[in-house]
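Note: the block below is start-v6.cif and it holds mmCIF, C-alpha atoms and all ligand atoms.
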```cif
data_coords
#
loop_
_atom_site.label_atom_id
_atom_site.label_comp_id
_atom_site.auth_asym_id
_atom_site.auth_seq_id
_atom_site.Cartn_x
_atom_site.Cartn_y
_atom_site.Cartn_z
CA VAL A 1 0.00 0.00 0.00
CA LYS A 2 2.84 2.35 0.95
CA LYS A 3 4.43 1.84 -2.45
CA VAL A 4 1.19 2.77 -4.26
CA VAL A 5 0.85 5.96 -2.19
CA ALA A 6 4.47 6.87 -2.94
CA LEU A 7 3.87 6.31 -6.64
CA ALA A 8 0.75 8.45 -6.53
CA ALA A 9 2.64 11.25 -4.81
CA THR A 10 5.34 11.08 -7.48
CA ALA A 11 2.70 11.21 -10.21
CA ILE A 12 1.10 14.29 -8.64
CA ALA A 13 4.49 16.00 -8.30
CA ALA A 14 5.21 15.26 -11.99
CA LEU A 15 1.79 16.59 -12.94
CA LEU A 16 2.35 19.82 -10.99
CA ALA A 17 5.77 20.25 -12.60
CA ALA A 18 4.19 19.76 -16.03
CA CYS A 19 1.70 22.53 -15.25
CA GLY A 20 4.50 24.90 -14.34
CA GLY A 21 4.32 24.27 -10.59
CA GLY A 22 2.00 25.94 -8.15
CA ASP A 23 2.88 29.42 -9.36
CA SER A 24 0.84 29.63 -12.53
CA PRO A 25 -0.01 33.18 -13.64
CA GLU A 26 -3.21 34.89 -12.55
CA GLU A 27 -5.90 34.55 -15.24
CA VAL A 28 -8.12 37.50 -16.07
CA THR A 29 -10.63 38.01 -18.86
CA VAL A 30 -10.71 41.19 -20.95
CA LYS A 31 -13.84 41.55 -23.07
CA GLY A 32 -14.13 44.04 -25.91
CA LEU A 33 -17.52 45.11 -27.28
CA GLU A 34 -19.34 48.20 -28.58
CA TYR A 35 -17.96 50.39 -27.07
CA ALA A 36 -16.28 49.31 -23.88
CA TYR A 37 -13.79 46.94 -22.29
CA GLU A 38 -14.88 44.77 -19.37
CA MET A 39 -12.06 43.68 -17.05
CA PRO A 40 -10.86 43.93 -13.44
CA ALA A 41 -9.45 47.28 -12.25
CA LYS A 42 -6.32 45.57 -10.88
CA VAL A 43 -4.21 42.60 -12.02
CA ASP A 44 -1.03 40.90 -10.76
CA GLY A 45 2.34 42.08 -11.94
CA GLY A 46 4.96 39.80 -13.47
CA LEU A 47 3.64 37.05 -15.71
CA THR A 48 -0.13 37.40 -16.13
CA THR A 49 -2.51 35.53 -18.41
CA MET A 50 -5.21 37.59 -20.08
CA THR A 51 -8.00 36.03 -22.12
CA PHE A 52 -9.03 38.50 -24.82
CA ALA A 53 -12.58 37.96 -26.07
CA ASN A 54 -14.42 40.00 -28.67
CA THR A 55 -18.01 39.66 -27.49
CA GLY A 56 -19.28 42.42 -29.77
CA GLY A 57 -20.35 42.59 -33.39
CA LEU A 58 -17.43 44.60 -34.83
CA PRO A 59 -13.66 43.98 -34.85
CA HIS A 60 -11.90 45.37 -31.77
CA GLU A 61 -8.27 45.76 -30.77
CA PHE A 62 -6.62 45.95 -27.37
CA SER A 63 -3.72 48.36 -27.85
CA LEU A 64 -1.85 48.69 -24.59
CA GLY A 65 -0.32 51.88 -23.25
CA LYS A 66 1.75 52.22 -20.08
CA LEU A 67 1.00 55.48 -18.31
CA GLY A 68 3.57 57.70 -16.63
CA ALA A 69 3.51 58.34 -12.87
CA GLY A 70 0.28 59.94 -11.71
CA LYS A 71 -1.50 59.52 -15.05
CA THR A 72 -4.88 57.77 -15.23
CA GLU A 73 -7.63 56.71 -17.62
CA LYS A 74 -8.93 60.30 -17.60
CA ASP A 75 -5.65 61.63 -19.04
CA VAL A 76 -5.84 59.05 -21.86
CA LYS A 77 -9.46 60.05 -22.54
CA ASP A 78 -8.47 63.73 -22.69
CA PHE A 79 -5.64 62.92 -25.13
CA VAL A 80 -7.92 60.84 -27.39
CA ALA A 81 -10.74 63.43 -27.20
CA LYS A 82 -8.39 66.06 -28.64
CA GLY A 83 -8.13 63.75 -31.66
CA ASP A 84 -5.65 65.91 -33.53
CA GLY A 85 -3.79 62.83 -34.77
CA GLY A 86 -0.60 64.14 -33.19
CA GLU A 87 2.16 62.15 -31.56
CA PRO A 88 1.18 60.49 -28.27
CA PRO A 89 2.28 62.42 -25.17
CA SER A 90 5.61 61.43 -23.57
CA TRP A 91 3.82 59.86 -20.58
CA LEU A 92 1.97 57.34 -22.81
CA THR A 93 4.19 54.46 -23.96
CA ASP A 94 2.97 51.89 -26.48
CA VAL A 95 3.89 48.51 -24.97
CA GLY A 96 2.16 46.43 -27.65
CA GLY A 97 -1.25 44.99 -26.90
CA VAL A 98 -3.44 42.67 -28.96
CA SER A 99 -4.24 43.64 -32.55
CA GLY A 100 -7.72 43.38 -34.07
CA LEU A 101 -9.88 40.43 -33.03
CA SER A 102 -12.87 39.51 -35.20
CA PRO A 103 -16.28 39.25 -33.49
CA GLY A 104 -16.66 35.97 -31.63
CA THR A 105 -12.93 35.20 -31.44
CA GLU A 106 -10.96 34.60 -28.26
CA ILE A 107 -7.28 34.08 -27.44
CA GLY A 108 -5.13 34.07 -24.31
CA ILE A 109 -1.83 35.90 -23.90
CA THR A 110 0.63 35.37 -21.06
CA ARG A 111 3.18 38.15 -20.77
CA ASN A 112 5.25 40.09 -18.32
CA LEU A 113 3.80 43.37 -17.03
CA ALA A 114 5.74 45.78 -14.83
CA PRO A 115 3.86 47.45 -11.95
CA GLY A 116 2.07 50.69 -12.80
CA ASN A 117 -0.95 52.14 -14.54
CA TYR A 118 -1.97 51.00 -18.01
CA ALA A 119 -4.82 51.50 -20.47
CA PHE A 120 -6.33 49.43 -23.25
CA ILE A 121 -7.32 51.58 -26.22
CA CYS A 122 -9.22 50.63 -29.40
CA PHE A 123 -8.10 52.75 -32.35
CA LEU A 124 -10.36 50.94 -34.86
CA PRO A 125 -12.99 53.12 -36.55
CA THR A 126 -16.76 52.82 -36.91
CA SER A 127 -18.27 52.86 -40.41
CA LYS A 128 -18.72 56.61 -39.83
CA GLY A 129 -14.98 56.99 -39.18
CA GLU A 130 -15.20 57.61 -35.44
CA LEU A 131 -12.56 55.92 -33.29
CA HIS A 132 -13.99 53.32 -30.92
CA ALA A 133 -11.77 54.93 -28.27
CA LYS A 134 -13.78 58.14 -28.49
CA LEU A 135 -17.00 56.16 -28.00
CA GLY A 136 -15.79 54.53 -24.77
CA MET A 137 -13.13 51.95 -25.63
CA ILE A 138 -10.49 53.22 -23.20
CA LYS A 139 -9.99 51.28 -20.00
CA GLY A 140 -7.44 52.10 -17.33
CA PHE A 141 -6.18 49.42 -14.95
CA THR A 142 -3.43 48.95 -12.39
CA VAL A 143 -0.74 46.26 -12.43
CA GLY A 144 0.47 45.27 -8.97
CA GLU A 145 3.83 43.97 -7.78
CA ASP A 146 5.40 40.91 -9.44
CA ALA A 147 3.47 37.91 -8.06
CA GLY A 148 6.32 35.57 -9.06
CA ALA A 149 4.36 33.37 -11.46
CA LYS A 150 6.31 30.96 -13.65
CA PRO A 151 5.93 30.72 -17.45
CA PRO A 152 3.34 28.24 -18.72
CA LYS A 153 4.50 25.03 -20.38
CA ALA A 154 4.34 25.60 -24.13
CA ASP A 155 3.30 22.87 -26.57
CA SER A 156 5.46 24.44 -29.28
CA THR A 157 7.45 27.57 -30.12
CA ILE A 158 7.14 30.07 -32.96
CA THR A 159 10.35 32.07 -33.28
CA VAL A 160 10.83 35.36 -35.08
CA THR A 161 14.21 36.76 -36.09
CA ASP A 162 14.74 40.11 -37.80
CA GLY A 163 14.36 38.28 -41.12
CA ALA A 164 11.68 35.58 -40.83
CA TYR A 165 9.19 33.60 -38.76
CA GLU A 166 10.16 30.02 -37.93
CA ILE A 167 6.97 28.03 -37.47
CA PRO A 168 7.12 24.31 -36.57
CA PRO A 169 4.40 21.85 -37.68
CA LEU A 170 1.33 22.63 -35.54
CA LYS A 171 -1.59 20.36 -34.71
CA GLY A 172 -5.22 21.42 -34.36
CA GLY A 173 -6.90 21.97 -30.98
CA GLN A 174 -6.49 24.09 -27.85
CA GLN A 175 -2.81 24.66 -27.14
CA THR A 176 -0.16 27.00 -25.74
CA ILE A 177 2.43 28.39 -28.16
CA GLU A 178 5.52 30.30 -27.07
CA LEU A 179 6.03 33.39 -29.26
CA LYS A 180 9.74 34.04 -29.05
CA ASN A 181 11.54 37.09 -30.41
CA SER A 182 15.15 36.09 -31.16
CA GLY A 183 15.76 39.26 -33.16
CA LYS A 184 17.35 42.54 -32.19
CA LYS A 185 14.22 44.58 -32.94
CA PRO A 186 10.66 44.38 -31.54
CA HIS A 187 8.38 42.15 -33.63
CA GLY A 188 4.68 41.47 -33.75
CA PHE A 189 2.80 38.20 -34.10
CA ASN A 190 -0.50 39.08 -35.81
CA LEU A 191 -2.45 35.95 -36.68
CA LEU A 192 -5.31 35.74 -39.17
CA THR A 193 -7.00 33.59 -41.80
CA LEU A 194 -7.76 35.04 -45.23
CA GLU A 195 -11.11 34.52 -46.94
CA ALA A 196 -10.89 32.58 -50.22
CA GLY A 197 -9.18 34.60 -52.97
CA LYS A 198 -8.16 37.45 -50.62
CA THR A 199 -4.64 38.75 -50.02
CA VAL A 200 -2.78 40.89 -47.50
CA ASP A 201 -3.35 43.87 -49.84
CA ASP A 202 -7.10 43.36 -49.40
CA ILE A 203 -6.64 43.61 -45.62
CA ASP A 204 -4.68 46.86 -46.02
CA SER A 205 -7.43 48.28 -48.27
CA TRP A 206 -10.09 47.18 -45.80
CA PHE A 207 -8.35 48.99 -42.93
CA GLU A 208 -7.83 52.07 -45.10
CA SER A 209 -11.54 52.08 -45.98
CA GLY A 210 -12.40 52.20 -42.27
CA LEU A 211 -13.35 48.49 -42.11
CA LYS A 212 -16.20 48.89 -44.58
CA GLY A 213 -17.81 45.93 -46.31
CA LYS A 214 -17.29 42.21 -45.84
CA PRO A 215 -14.06 41.48 -43.93
CA PRO A 216 -11.41 39.80 -46.14
CA ALA A 217 -10.03 37.94 -43.13
CA THR A 218 -10.80 36.59 -39.68
CA LEU A 219 -8.48 38.31 -37.22
CA TYR A 220 -7.06 36.46 -34.23
CA GLY A 221 -5.23 39.44 -32.75
CA THR A 222 -2.28 37.90 -30.88
CA VAL A 223 0.46 40.43 -30.02
CA GLN A 224 1.44 43.74 -31.63
CA GLN A 225 4.96 43.79 -30.21
CA VAL A 226 7.29 41.43 -28.34
CA PRO A 227 10.56 43.09 -27.22
CA PRO A 228 13.85 41.53 -28.45
CA GLY A 229 14.95 38.53 -26.37
CA GLU A 230 11.50 38.05 -24.79
CA SER A 231 8.60 35.63 -25.18
CA ASN A 232 4.83 35.88 -24.90
CA TYR A 233 2.61 32.81 -24.71
CA LEU A 234 -0.47 32.34 -26.89
CA ASP A 235 -3.43 30.14 -25.89
CA ILE A 236 -5.43 29.35 -28.99
CA ASP A 237 -7.74 26.75 -30.50
CA LEU A 238 -6.19 26.08 -33.92
CA LYS A 239 -8.36 24.44 -36.57
CA SER A 240 -6.99 21.41 -38.44
CA GLY A 241 -6.58 21.82 -42.19
CA VAL A 242 -6.87 25.61 -42.06
CA GLU A 243 -4.21 27.92 -43.54
CA TYR A 244 -3.18 30.71 -41.17
CA LEU A 245 -1.07 33.79 -41.84
CA MET A 246 1.36 35.37 -39.37
CA LEU A 247 2.16 39.04 -40.00
CA ASP A 248 4.54 41.60 -38.53
CA GLU A 249 3.21 45.03 -39.57
CA GLY A 250 3.41 43.80 -43.15
CA ASN A 251 7.21 43.43 -43.18
CA LEU A 252 7.49 39.77 -42.26
CA GLN A 253 4.83 37.25 -43.11
CA LYS A 254 4.46 33.48 -43.23
CA THR A 255 1.59 31.16 -44.02
CA PHE A 256 1.22 27.75 -42.39
CA THR A 257 -1.38 25.02 -42.52
CA VAL A 258 -2.41 23.30 -39.29
CA GLU A 259 -2.13 19.48 -39.38
CU CU A 301 -13.13 48.62 -30.94
#
```
Write-out of the structure in structure tokens:
Amino acid sequence: VKKVVALAATAIAALLAACGGGDSPEEVTVKGLEYAYEMPAKVDGGLTTMTFANTGGLPHEFSLGKLGAGKTEKDVKDFVAKGDGGEPPSWLTDVGGVSGLSPGTEIGITRNLAPGNYAFICFLPTSKGELHAKLGMIKGFTVGEDAGAKPPKADSTITVTDGAYEIPPLKGGQQTIELKNSGKKPHGFNLLTLEAGKTVDDIDSWFESGLKGKPPATLYGTVQQVPPGESNYLDIDLKSGVEYLMLDEGNLQKTFTVE
């Protein structure tokens, strides 16, 4: 009997190790809809897992700005309300959030966040050309001290260098993918699927038109910017047999078909 108990204890220890130990990151959900974000006012610092869900009927993005000392959501709202298209103020730093997510899509991102005040901002336009941000899609939140969470265990790794994406064979289903930037510059990991016969140029035209008409792609957001030498972790349900496209602001791109 003792031996069985010992074996069970070993199995549990192995299982915990496989899950990244007892220090898995805090999980919070950030919903985007017309025209608001729904999320907690405070999250853990260090590695945090955010589930991004577009629960609305239009595409939404989750651009992330870190605010300087003493700045709050109201300061971001005042800046956006001015709407002069000028450079962002020095106290607002773009730290790369999640790019456009199509309605009904959901992904998770685990990343490191330093303590301080932040804001999600949606710069996508309505069909009338108004920024969603001006209609309410600005949400300030506070990141606390580093809670010491450990990175999740990734099922596979997508690496970007300054010249290309390296994407291993990927299987369908819910999984965790490490998004690793081995380059010397920041790089994005924008994931999408194109509609039949559509190209990246059609996506550019669609954005330039203010997202008018039938979308040429389904957008899975992912991350706008991973700093050099760092990793983010993507939780996603990949569909077998589907061709996906990974984009970095149009400079780097790679298609891959899920097994
Ligand atoms: Cu939006």
Residue nearest A:Phe62 among A:His187, A:Lys212, A:Lys139, A:Lys171 (counting all atoms listed in the file): A:Lys139
Can you tell me which residues surround A:Ala154 at a distance of at most 6 Å, considering only C-alpha atoms, apart from same-chain residues fewer than 2 positions away, and format the answer as a PyMOL selection string? chain A and resi 156+176-178
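With distances taken over only C-alpha atoms and all ligand atoms, A:Leu131 is the one residue among A:Ile158, A:Leu131, A:Leu219, A:Val226 lying closest to ligand CU 301 (chain A).
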By how many Å are atom CA of A:Ile167 and atom CA of A:Lys153 apart? 17.5 Å
Pick out the residues sitting within 7 Å of stretch 107-109 of chain A, and hand them over as an NGL selection string; count only C-alpha atoms, and ignore anything fewer than 4 positions along from it in its own chain. :A and (49-53 or 232-236)
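Around ligand CU 301 (chain A), the neighbouring residues within 8 Å, taking only C-alpha atoms and all ligand atoms, come to Gly32, Leu33, Glu34, Tyr35, Ala36, Leu58, Pro59, His60, Glu61, Phe62, Cys122, Phe123, Leu124, Pro125, Leu131, His132, Ala133 and Met137 of chain A.
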Can you take the partial stretch 205-222 of chain A, add N, CA, C and O atoms, and return it as a PDB file, in the coordinates of the input?
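The new file selection-v4.pdb reads:
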```pdb
ATOM      1  N   SER A 205      -6.365  47.440 -47.695  1.00  0.00           N
ATOM      2  CA  SER A 205      -7.430  48.280 -48.270  1.00  0.00           C
ATOM      3  C   SER A 205      -8.629  48.371 -47.340  1.00  0.00           C
ATOM      4  O   SER A 205      -9.247  49.424 -47.202  1.00  0.00           O
ATOM      5  N   TRP A 206      -8.942  47.233 -46.705  1.00  0.00           N
ATOM      6  CA  TRP A 206     -10.090  47.180 -45.800  1.00  0.00           C
ATOM      7  C   TRP A 206      -9.871  48.106 -44.603  1.00  0.00           C
ATOM      8  O   TRP A 206     -10.749  48.872 -44.211  1.00  0.00           O
ATOM      9  N   PHE A 207      -8.653  48.083 -44.051  1.00  0.00           N
ATOM     10  CA  PHE A 207      -8.350  48.990 -42.930  1.00  0.00           C
ATOM     11  C   PHE A 207      -8.405  50.440 -43.397  1.00  0.00           C
ATOM     12  O   PHE A 207      -8.959  51.295 -42.710  1.00  0.00           O
ATOM     13  N   GLU A 208      -7.833  50.692 -44.592  1.00  0.00           N
ATOM     14  CA  GLU A 208      -7.830  52.070 -45.100  1.00  0.00           C
ATOM     15  C   GLU A 208      -9.239  52.588 -45.364  1.00  0.00           C
ATOM     16  O   GLU A 208      -9.517  53.776 -45.240  1.00  0.00           O
ATOM     17  N   SER A 209     -10.158  51.673 -45.707  1.00  0.00           N
ATOM     18  CA  SER A 209     -11.540  52.080 -45.980  1.00  0.00           C
ATOM     19  C   SER A 209     -12.323  52.341 -44.696  1.00  0.00           C
ATOM     20  O   SER A 209     -13.482  52.758 -44.731  1.00  0.00           O
ATOM     21  N   GLY A 210     -11.693  52.062 -43.537  1.00  0.00           N
ATOM     22  CA  GLY A 210     -12.400  52.200 -42.270  1.00  0.00           C
ATOM     23  C   GLY A 210     -13.226  50.958 -41.959  1.00  0.00           C
ATOM     24  O   GLY A 210     -14.303  51.038 -41.361  1.00  0.00           O
ATOM     25  N   LEU A 211     -12.719  49.789 -42.378  1.00  0.00           N
ATOM     26  CA  LEU A 211     -13.350  48.490 -42.110  1.00  0.00           C
ATOM     27  C   LEU A 211     -14.738  48.390 -42.717  1.00  0.00           C
ATOM     28  O   LEU A 211     -15.652  47.821 -42.112  1.00  0.00           O
ATOM     29  N   LYS A 212     -14.897  48.953 -43.901  1.00  0.00           N
ATOM     30  CA  LYS A 212     -16.200  48.890 -44.580  1.00  0.00           C
ATOM     31  C   LYS A 212     -16.323  47.615 -45.402  1.00  0.00           C
ATOM     32  O   LYS A 212     -15.346  47.130 -45.959  1.00  0.00           O
ATOM     33  N   GLY A 213     -17.538  47.103 -45.480  1.00  0.00           N
ATOM     34  CA  GLY A 213     -17.810  45.930 -46.310  1.00  0.00           C
ATOM     35  C   GLY A 213     -17.435  44.628 -45.628  1.00  0.00           C
ATOM     36  O   GLY A 213     -17.060  44.600 -44.457  1.00  0.00           O
ATOM     37  N   LYS A 214     -17.543  43.551 -46.382  1.00  0.00           N
ATOM     38  CA  LYS A 214     -17.290  42.210 -45.840  1.00  0.00           C
ATOM     39  C   LYS A 214     -15.805  42.053 -45.512  1.00  0.00           C
ATOM     40  O   LYS A 214     -14.954  42.319 -46.354  1.00  0.00           O
ATOM     41  N   PRO A 215     -15.474  41.617 -44.295  1.00  0.00           N
ATOM     42  CA  PRO A 215     -14.060  41.480 -43.930  1.00  0.00           C
ATOM     43  C   PRO A 215     -13.367  40.452 -44.831  1.00  0.00           C
ATOM     44  O   PRO A 215     -13.918  39.381 -45.077  1.00  0.00           O
ATOM     45  N   PRO A 216     -12.154  40.757 -45.322  1.00  0.00           N
ATOM     46  CA  PRO A 216     -11.410  39.800 -46.140  1.00  0.00           C
ATOM     47  C   PRO A 216     -10.673  38.744 -45.317  1.00  0.00           C
ATOM     48  O   PRO A 216     -10.025  37.869 -45.879  1.00  0.00           O
ATOM     49  N   ALA A 217     -10.776  38.854 -43.998  1.00  0.00           N
ATOM     50  CA  ALA A 217     -10.030  37.940 -43.130  1.00  0.00           C
ATOM     51  C   ALA A 217     -10.723  37.810 -41.784  1.00  0.00           C
ATOM     52  O   ALA A 217     -11.488  38.688 -41.387  1.00  0.00           O
ATOM     53  N   THR A 218     -10.443  36.708 -41.094  1.00  0.00           N
ATOM     54  CA  THR A 218     -10.800  36.590 -39.680  1.00  0.00           C
ATOM     55  C   THR A 218      -9.536  36.887 -38.894  1.00  0.00           C
ATOM     56  O   THR A 218      -8.483  36.287 -39.137  1.00  0.00           O
ATOM     57  N   LEU A 219      -9.639  37.834 -37.976  1.00  0.00           N
ATOM     58  CA  LEU A 219      -8.480  38.310 -37.220  1.00  0.00           C
ATOM     59  C   LEU A 219      -8.420  37.644 -35.846  1.00  0.00           C
ATOM     60  O   LEU A 219      -9.409  37.647 -35.113  1.00  0.00           O
ATOM     61  N   TYR A 220      -7.260  37.091 -35.537  1.00  0.00           N
ATOM     62  CA  TYR A 220      -7.060  36.460 -34.230  1.00  0.00           C
ATOM     63  C   TYR A 220      -6.115  37.271 -33.344  1.00  0.00           C
ATOM     64  O   TYR A 220      -5.478  36.720 -32.431  1.00  0.00           O
ATOM     65  N   GLY A 221      -6.012  38.562 -33.630  1.00  0.00           N
ATOM     66  CA  GLY A 221      -5.230  39.440 -32.750  1.00  0.00           C
ATOM     67  C   GLY A 221      -3.814  38.966 -32.527  1.00  0.00           C
ATOM     68  O   GLY A 221      -2.971  39.097 -33.387  1.00  0.00           O
ATOM     69  N   THR A 222      -3.583  38.371 -31.372  1.00  0.00           N
ATOM     70  CA  THR A 222      -2.280  37.900 -30.880  1.00  0.00           C
ATOM     71  C   THR A 222      -1.493  39.094 -30.349  1.00  0.00           C
ATOM     72  O   THR A 222      -2.102  39.864 -29.624  1.00  0.00           O
TER      73      THR A 222
END
```
